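Report on the following structure.
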Amino acid sequence: MSEPALRSLPRGLRDGVRRGAGRVDAATPDHRDRAVDALRAVAILGVVLGHWLVTALVADGRTLRTASPLQHMPWLAPVSWLFQTLAVFFLVGGHVATRSHASARARGVPYRHWLRGRLARLFRPVAAVLGLWTAVTVALLLSGAEYATVRTLVKLALSPLWFLLVFAALTAATPLLTRLHPLWPLAVVLHVDLLRFGLGAPDGLGLLNLAAGWLVPYALGAAWTRGELERRRPAWVLFLGGTAATAALVAGAGYPASMVGVPGAGVSNLDPPTLAAVTFGLAQCGLALLLRERLRGAMRRPVAWAAVALVNLSAMTVFLWHQTALMAVTATGLLAGPLPGLHTVPDGLGWVAARLAWLPVLALALAVCWAAFRSRERGGGRRGRRSRAVRAHRSSDRGTAKGVRHV
């Protein structure tokens, strides 16, 4: 929360926010790198906002279908450059996982115990999402809803799960990746694209890029842990080199300008990741590394740090439920008839303005989902949450700080 926004609150609430933020700040160890948590929060919120801005559920009679403003206004492609932040998440994930694994080995923690702890935080919230959408799917089919509508809704709701599977696989392979140079998976992506787009190889070959593409920023995170990215020069090389390579691929090699999928497009930069998506990710990672000092300075403000800690505390809950929040608002809005920016075709700036106006409503719906399901990510009842919080405040080296611990 910014200082102007904080000053706009009633005095009693403002004082309460500051006291709570002060407690979170005081409980955070001095040696914690708060920029890491800030980058993760930015990555998660970027994905959420990006999906909300480029995903439309258009009401067509009794059927809902997905559409994107990028279909009708391709000149809005730069919006996807701002909000496609998954590479930053994998950068932070690789850095945190390799550091955590090294710490676990130093303490004599077996690999299986370390991995179980890492994956538990990722997959605890999944059961709730799957359970809810199984019930919703059955109810919709029994009520006679169009199959195409049900398929659209379920696909949208469960689409975040692909990310978890890839991230979990890379996490499990962390001991093998601690010394991997990012150029190796980058070379795999390059050759796969050459075979697919240059030599007509089957599109199924692109599945290799699903792992190799996200392994590039993950391996960069491992290099960060090794201390190879501490100076600004490597960050500038990543930023400028990634930017130049992406521009060349889009302008000269025919890659799409949009860094997110566009319904109906012949090629998607994300499904699976293309070389352009990976070089774009390199530029993003370079920029993230360049911003570390600024973020560390900003995170010295207790209120800003508390907000980042809150996002990190429920990062998976926010990520898994943001599409459900969008669909809940869309379905509720249908009771009032087709509404601009919610059910209409995203074919003009009027739709964009209307969708921006809907963002606070979508955020409120996500807050409701967060309140209902956040305990799934924390692992259960009040006693368990409290005990972990106490342990976190006493020992940050294990990366378990309640509200500020690493995913």
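We label chains A, B, ... in the order they appear in the structure tokens, count residues from 1 in each chain, and number ligands from 1 in the order shown.
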Identify, on the basis of only C-alpha atoms, every residue whose closest approach to A:Ala235 does not exceed 8 Å; exclude the query and any residue fewer than 6 positions from it along the same chain; express the result as an NGL selection string. :A and (229 or 285-287 or 289-290)
Keeping only all heavy atoms, take the residues you just selected and write them out as a compact mmCIF listing (two decimals), in the first residue's frame.
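Result file selection25.txt:
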# COMPACT_ATOMS: atom_id res chain seq x y z
N LEU A 229 25.49 -13.55 -10.33
CA LEU A 229 24.69 -12.43 -10.84
C LEU A 229 24.64 -11.27 -9.86
O LEU A 229 23.76 -10.41 -9.95
CB LEU A 229 23.25 -12.91 -11.13
CG LEU A 229 23.12 -14.07 -12.12
CD1 LEU A 229 21.66 -14.47 -12.28
CD2 LEU A 229 23.71 -13.70 -13.47
N CYS A 285 14.28 -10.98 -16.56
CA CYS A 285 15.14 -11.38 -15.44
C CYS A 285 16.26 -10.36 -15.23
O CYS A 285 16.61 -10.03 -14.09
CB CYS A 285 15.73 -12.77 -15.68
SG CYS A 285 14.51 -14.11 -15.61
N GLY A 286 16.84 -9.88 -16.34
CA GLY A 286 17.86 -8.85 -16.21
C GLY A 286 17.33 -7.60 -15.55
O GLY A 286 17.99 -7.02 -14.66
N LEU A 287 16.13 -7.17 -15.95
CA LEU A 287 15.53 -5.99 -15.34
C LEU A 287 15.25 -6.23 -13.86
O LEU A 287 15.49 -5.35 -13.02
CB LEU A 287 14.23 -5.64 -16.07
CG LEU A 287 13.48 -4.40 -15.56
CD1 LEU A 287 14.35 -3.15 -15.65
CD2 LEU A 287 12.18 -4.22 -16.34
N LEU A 289 16.85 -8.18 -11.82
CA LEU A 289 18.12 -8.14 -11.09
C LEU A 289 18.62 -6.70 -10.95
O LEU A 289 19.20 -6.34 -9.92
CB LEU A 289 19.15 -9.00 -11.81
CG LEU A 289 18.86 -10.51 -11.82
CD1 LEU A 289 19.80 -11.22 -12.78
CD2 LEU A 289 18.97 -11.10 -10.42
N LEU A 290 18.40 -5.88 -11.96
CA LEU A 290 18.82 -4.48 -11.88
C LEU A 290 18.03 -3.71 -10.83
O LEU A 290 18.52 -2.72 -10.27
CB LEU A 290 18.65 -3.81 -13.24
CG LEU A 290 19.65 -4.24 -14.33
CD1 LEU A 290 19.22 -3.68 -15.68
CD2 LEU A 290 21.06 -3.76 -13.98
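Distances here use only C-alpha atoms; by that measure, the residue among A:Ala371, A:His31, A:Ala67, A:Ala38 closest to A:Ala306 is A:Ala38.
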Contact residues around A:Pro256 with only C-alpha atoms at 10 Å, ignoring same-chain residues under 3 positions, as a ChimeraX atom specification: /A:74,77,249-251,253,259-262,265-269,274,276-277
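The list of residues with at least one atom within 12 Å of A:Glu230, based on only C-alpha atoms and without residues fewer than 2 positions apart in the same chain, reads Leu220, Gly221, Ala223, Trp224, Thr225, Arg226, Gly227, Glu228, Arg232, Arg233, Pro234, Ala235, Trp236, Gly286, Leu289, Leu290, Leu291, Arg292 and Glu293 of chain A.
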Stretch 54-142 of chain A: which residues are strand (DSSP E) by DSSP, as a PyMOL selection string? chain A and resi 56-60+63-67
Write out the residues from the selection above, keeping N, CA and C atoms, as a JSON list (two decimals), in the first residue's frame.
[["chain", "number", "residue", "atom", "x", "y", "z"],
["A", 56, "ALA", "N", -11.52, -12.50, -21.85],
["A", 56, "ALA", "CA", -12.93, -12.12, -21.85],
["A", 56, "ALA", "C", -13.79, -13.36, -22.02],
["A", 57, "LEU", "N", -14.88, -13.42, -21.29],
["A", 57, "LEU", "CA", -15.87, -14.48, -21.46],
["A", 57, "LEU", "C", -17.10, -13.86, -22.12],
["A", 58, "VAL", "N", -17.24, -14.09, -23.41],
["A", 58, "VAL", "CA", -18.27, -13.44, -24.20],
["A", 58, "VAL", "C", -19.54, -14.29, -24.18],
["A", 59, "ALA", "N", -20.66, -13.64, -23.83],
["A", 59, "ALA", "CA", -21.96, -14.32, -23.81],
["A", 59, "ALA", "C", -22.52, -14.35, -25.23],
["A", 60, "ASP", "N", -22.72, -15.57, -25.74],
["A", 60, "ASP", "CA", -23.26, -15.75, -27.08],
["A", 60, "ASP", "C", -24.46, -16.69, -26.97],
["A", 63, "THR", "N", -24.24, -19.73, -24.53],
["A", 63, "THR", "CA", -22.86, -20.20, -24.51],
["A", 63, "THR", "C", -21.92, -19.08, -24.12],
["A", 64, "LEU", "N", -20.93, -19.45, -23.30],
["A", 64, "LEU", "CA", -19.83, -18.54, -23.00],
["A", 64, "LEU", "C", -18.58, -19.03, -23.73],
["A", 65, "ARG", "N", -17.91, -18.12, -24.40],
["A", 65, "ARG", "CA", -16.67, -18.48, -25.10],
["A", 65, "ARG", "C", -15.59, -17.48, -24.72],
["A", 66, "THR", "N", -14.35, -17.94, -24.78],
["A", 66, "THR", "CA", -13.24, -17.05, -24.44],
["A", 66, "THR", "C", -12.86, -16.21, -25.65],
["A", 67, "ALA", "N", -12.45, -14.99, -25.36],
["A", 67, "ALA", "CA", -11.96, -14.07, -26.37],
["A", 67, "ALA", "C", -10.90, -13.21, -25.73]]
Would you kindly return, as a tab-separated table (two decimals) with N, CA, C and O atoms, in the first residue's frame, each protein, DNA or RNA residue with an atom no farther than 10 Å from any atom of A:His51, considering only C-alpha atoms and excluding same-chain residues fewer than 2 positions away?
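The resulting file, out37.tsv, is shown below:
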chain	number	residue	atom	x	y	z
A	45	LEU	N	1.29	-10.99	-9.05
A	45	LEU	CA	0.27	-9.97	-9.35
A	45	LEU	C	0.27	-9.61	-10.82
A	45	LEU	O	-0.78	-9.28	-11.39
A	46	GLY	N	1.45	-9.66	-11.47
A	46	GLY	CA	1.50	-9.40	-12.90
A	46	GLY	C	0.70	-10.43	-13.68
A	46	GLY	O	-0.05	-10.08	-14.60
A	47	VAL	N	0.83	-11.69	-13.33
A	47	VAL	CA	0.08	-12.75	-14.00
A	47	VAL	C	-1.42	-12.57	-13.79
A	47	VAL	O	-2.22	-12.68	-14.73
A	48	VAL	N	-1.80	-12.27	-12.56
A	48	VAL	CA	-3.23	-12.09	-12.24
A	48	VAL	C	-3.82	-10.94	-13.06
A	48	VAL	O	-4.86	-11.09	-13.72
A	49	LEU	N	-3.18	-9.78	-13.01
A	49	LEU	CA	-3.70	-8.63	-13.75
A	49	LEU	C	-3.67	-8.89	-15.25
A	49	LEU	O	-4.59	-8.48	-15.98
A	53	LEU	N	-6.96	-8.76	-17.72
A	53	LEU	CA	-7.03	-7.74	-18.77
A	53	LEU	C	-7.16	-8.33	-20.17
A	53	LEU	O	-7.69	-7.67	-21.07
A	54	VAL	N	-6.67	-9.54	-20.39
A	54	VAL	CA	-6.69	-10.08	-21.75
A	54	VAL	C	-7.63	-11.27	-21.90
A	54	VAL	O	-7.69	-11.86	-22.98
A	55	THR	N	-8.38	-11.61	-20.87
A	55	THR	CA	-9.32	-12.73	-20.95
A	55	THR	C	-10.74	-12.20	-20.85
A	55	THR	O	-11.10	-11.54	-19.87
A	56	ALA	N	-11.52	-12.50	-21.85
A	56	ALA	CA	-12.93	-12.12	-21.85
A	56	ALA	C	-13.79	-13.36	-22.02
A	56	ALA	O	-13.45	-14.26	-22.80
A	68	SER	N	-10.20	-12.46	-26.55
A	68	SER	CA	-9.13	-11.60	-26.05
A	68	SER	C	-9.13	-10.28	-26.81
A	68	SER	O	-9.34	-10.28	-28.03
A	80	SER	N	0.92	-7.14	-22.95
A	80	SER	CA	1.39	-8.47	-22.54
A	80	SER	C	2.85	-8.44	-22.09
A	80	SER	O	3.28	-9.29	-21.33
A	83	PHE	N	2.70	-7.63	-18.28
A	83	PHE	CA	2.05	-8.52	-17.33
A	83	PHE	C	2.40	-9.99	-17.50
A	83	PHE	O	1.92	-10.82	-16.73
A	84	GLN	N	3.20	-10.35	-18.49
A	84	GLN	CA	3.64	-11.75	-18.61
A	84	GLN	C	4.93	-11.88	-17.82
A	84	GLN	O	6.03	-11.70	-18.35
A	260	VAL	N	1.60	-13.48	-24.64
A	260	VAL	CA	0.59	-14.39	-24.10
A	260	VAL	C	-0.15	-15.01	-25.28
A	260	VAL	O	-0.09	-14.51	-26.40
A	322	HIS	N	-7.52	-16.90	-9.01
A	322	HIS	CA	-7.86	-15.63	-9.68
A	322	HIS	C	-8.75	-15.83	-10.90
A	322	HIS	O	-9.60	-14.99	-11.20
A	323	GLN	N	-8.61	-16.96	-11.60
A	323	GLN	CA	-9.50	-17.21	-12.73
A	323	GLN	C	-10.92	-17.55	-12.25
A	323	GLN	O	-11.90	-17.17	-12.89
A	326	LEU	N	-12.66	-14.35	-11.58
A	326	LEU	CA	-13.14	-13.75	-12.83
A	326	LEU	C	-14.43	-14.39	-13.29
A	326	LEU	O	-15.39	-13.70	-13.66
Could you jot down the atom CA of A:Gly333 to atom CA of A:Thr152 separation for me, Å, one decimal place?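 Separation between atom CA of A:Gly333 and atom CA of A:Thr152: 17.3 Å.
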Using only C-alpha atoms, which residue out of A:Arg374, A:Asp33, A:Pro272, A:Leu70 lies closest to A:Leu310?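 Of A:Arg374, A:Asp33, A:Pro272, A:Leu70, the one nearest A:Leu310, counting only C-alpha atoms, is A:Arg374.
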Just the number, please: distance in Å from atom CA of A:Thr324 to atom CA of A:Leu164, one decimal. 16.6 Å
From a backbone DSSP assignment, name each residue in stretch 140-240 of chain A labelled alpha helix (DSSP H), as a ChimeraX atom specification. /A:140-142,147-158,161-172,174-177,183-193,207-225,232-240
If we count only C-alpha atoms and set the cut-off at 10 Å, which residues sit around A:Leu275, ignoring sequence neighbours fewer than 5 positions away in its own chain? Please answer as a list in words.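 These residues fall inside the cut-off: Leu186, Ala187, Val188, Val189, Leu190, His191, Val192, Asp193, Leu194, Asn209, Gly213, Ala245, Thr246, Leu249, Tyr255, Asn269, Leu270, Phe280 and Gly281 of chain A.
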With N, CA, C and O atoms retained, export the selected residues as a short mmCIF file (atom, residue, chain, number, x, y, z; two decimals), in the first residue's frame.
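Contents of the output file out26.cif:
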data_model
loop_
_atom_site.label_atom_id
_atom_site.label_comp_id
_atom_site.auth_asym_id
_atom_site.auth_seq_id
_atom_site.Cartn_x
_atom_site.Cartn_y
_atom_site.Cartn_z
N LEU A 186 18.58 -23.09 -23.06
CA LEU A 186 18.33 -22.11 -24.13
C LEU A 186 18.64 -22.72 -25.49
O LEU A 186 17.90 -22.50 -26.47
N ALA A 187 19.72 -23.50 -25.57
CA ALA A 187 20.06 -24.17 -26.82
C ALA A 187 19.00 -25.18 -27.23
O ALA A 187 18.70 -25.34 -28.43
N VAL A 188 18.41 -25.85 -26.26
CA VAL A 188 17.33 -26.80 -26.56
C VAL A 188 16.15 -26.07 -27.18
O VAL A 188 15.58 -26.50 -28.20
N VAL A 189 15.76 -24.94 -26.59
CA VAL A 189 14.64 -24.17 -27.12
C VAL A 189 14.93 -23.71 -28.54
O VAL A 189 14.07 -23.79 -29.44
N LEU A 190 16.14 -23.23 -28.77
CA LEU A 190 16.53 -22.77 -30.11
C LEU A 190 16.40 -23.88 -31.13
O LEU A 190 15.82 -23.69 -32.22
N HIS A 191 16.91 -25.07 -30.82
CA HIS A 191 16.88 -26.16 -31.78
C HIS A 191 15.46 -26.69 -31.99
O HIS A 191 15.10 -27.07 -33.11
N VAL A 192 14.67 -26.72 -30.95
CA VAL A 192 13.28 -27.16 -31.10
C VAL A 192 12.53 -26.20 -32.03
O VAL A 192 11.78 -26.64 -32.92
N ASP A 193 12.73 -24.91 -31.85
CA ASP A 193 12.06 -23.94 -32.73
C ASP A 193 12.56 -24.05 -34.17
O ASP A 193 11.76 -23.92 -35.12
N LEU A 194 13.84 -24.28 -34.34
CA LEU A 194 14.36 -24.46 -35.69
C LEU A 194 13.71 -25.67 -36.37
O LEU A 194 13.35 -25.62 -37.56
N ASN A 209 9.97 -27.80 -25.03
CA ASN A 209 10.18 -26.42 -24.58
C ASN A 209 9.40 -26.09 -23.32
O ASN A 209 9.69 -25.10 -22.65
N GLY A 213 12.11 -24.29 -21.69
CA GLY A 213 11.87 -22.85 -21.70
C GLY A 213 11.88 -22.24 -20.32
O GLY A 213 12.46 -21.17 -20.09
N ALA A 245 17.38 -9.53 -28.75
CA ALA A 245 17.05 -10.81 -29.38
C ALA A 245 15.54 -10.93 -29.61
O ALA A 245 15.09 -11.40 -30.67
N THR A 246 14.75 -10.50 -28.64
CA THR A 246 13.29 -10.57 -28.79
C THR A 246 12.82 -9.67 -29.93
O THR A 246 11.97 -10.07 -30.74
N LEU A 249 13.62 -11.34 -33.19
CA LEU A 249 12.77 -12.49 -33.48
C LEU A 249 11.37 -12.07 -33.90
O LEU A 249 10.77 -12.66 -34.80
N TYR A 255 7.94 -14.16 -35.23
CA TYR A 255 7.32 -14.58 -33.97
C TYR A 255 6.23 -13.58 -33.58
O TYR A 255 6.34 -12.39 -33.88
N ASN A 269 3.28 -17.77 -28.18
CA ASN A 269 4.60 -17.69 -27.56
C ASN A 269 4.69 -18.44 -26.23
O ASN A 269 5.79 -18.61 -25.69
N LEU A 270 3.53 -18.87 -25.71
CA LEU A 270 3.52 -19.51 -24.40
C LEU A 270 3.09 -20.96 -24.42
O LEU A 270 3.28 -21.65 -23.42
N PHE A 280 12.61 -12.99 -24.21
CA PHE A 280 11.87 -11.96 -23.48
C PHE A 280 12.01 -12.18 -21.98
O PHE A 280 12.18 -11.23 -21.20
N GLY A 281 11.95 -13.44 -21.55
CA GLY A 281 12.14 -13.76 -20.14
C GLY A 281 13.53 -13.39 -19.65
O GLY A 281 13.70 -12.93 -18.51
#
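Coordinates place atom CA of A:Ala43 at a distance of 6.2 Å from atom CA of A:Leu86.
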Spatial neighbours of A:Val126, 9 Å, only C-alpha atoms, chain gap at least 4 places, as a list in words: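 Skipping anything fewer than 4 positions along the chain leaves Leu122, Leu130, Gly131, Leu161, Met316, Thr317, Leu320, Arg376 and Glu377 of chain A.
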Residues from the last selection, N, CA and C atoms, saved as a compact mmCIF listing (two decimals), in the first residue's frame:
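again.txt, written as the output of this step:
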# COMPACT_ATOMS: atom_id res chain seq x y z
N LEU A 122 3.11 -26.00 -2.45
CA LEU A 122 2.59 -25.80 -3.79
C LEU A 122 1.23 -26.46 -3.99
N LEU A 130 -9.70 -28.31 -7.22
CA LEU A 130 -10.23 -29.47 -7.93
C LEU A 130 -11.58 -29.90 -7.38
N GLY A 131 -11.71 -29.89 -6.05
CA GLY A 131 -12.97 -30.29 -5.44
C GLY A 131 -14.12 -29.37 -5.82
N LEU A 161 -2.87 -24.91 -13.40
CA LEU A 161 -2.23 -26.12 -12.90
C LEU A 161 -1.04 -26.54 -13.74
N MET A 316 0.15 -18.98 -3.74
CA MET A 316 -0.49 -20.04 -4.51
C MET A 316 -2.00 -19.92 -4.48
N THR A 317 -2.55 -19.48 -3.37
CA THR A 317 -4.00 -19.28 -3.30
C THR A 317 -4.43 -18.20 -4.28
N LEU A 320 -4.03 -19.64 -7.92
CA LEU A 320 -4.96 -20.69 -8.30
C LEU A 320 -6.41 -20.22 -8.41
N ARG A 376 -5.91 -23.49 3.38
CA ARG A 376 -5.41 -24.67 2.66
C ARG A 376 -3.92 -24.53 2.38
N GLU A 377 -3.50 -23.33 2.05
CA GLU A 377 -2.09 -23.10 1.76
C GLU A 377 -1.26 -23.12 3.03
Looking at only C-alpha atoms, which of A:Lys155, A:Arg124, A:Arg196, A:Arg118 is the one that sits closest to A:Phe167?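 Selected residue with least distance to A:Phe167: A:Arg118.
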From A:Val308, A:Leu207, A:Val129, A:Leu153, residue lying nearest A:Leu295 [only C-alpha atoms]: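 That would be A:Val308, the residue with the smallest distance to A:Leu295.
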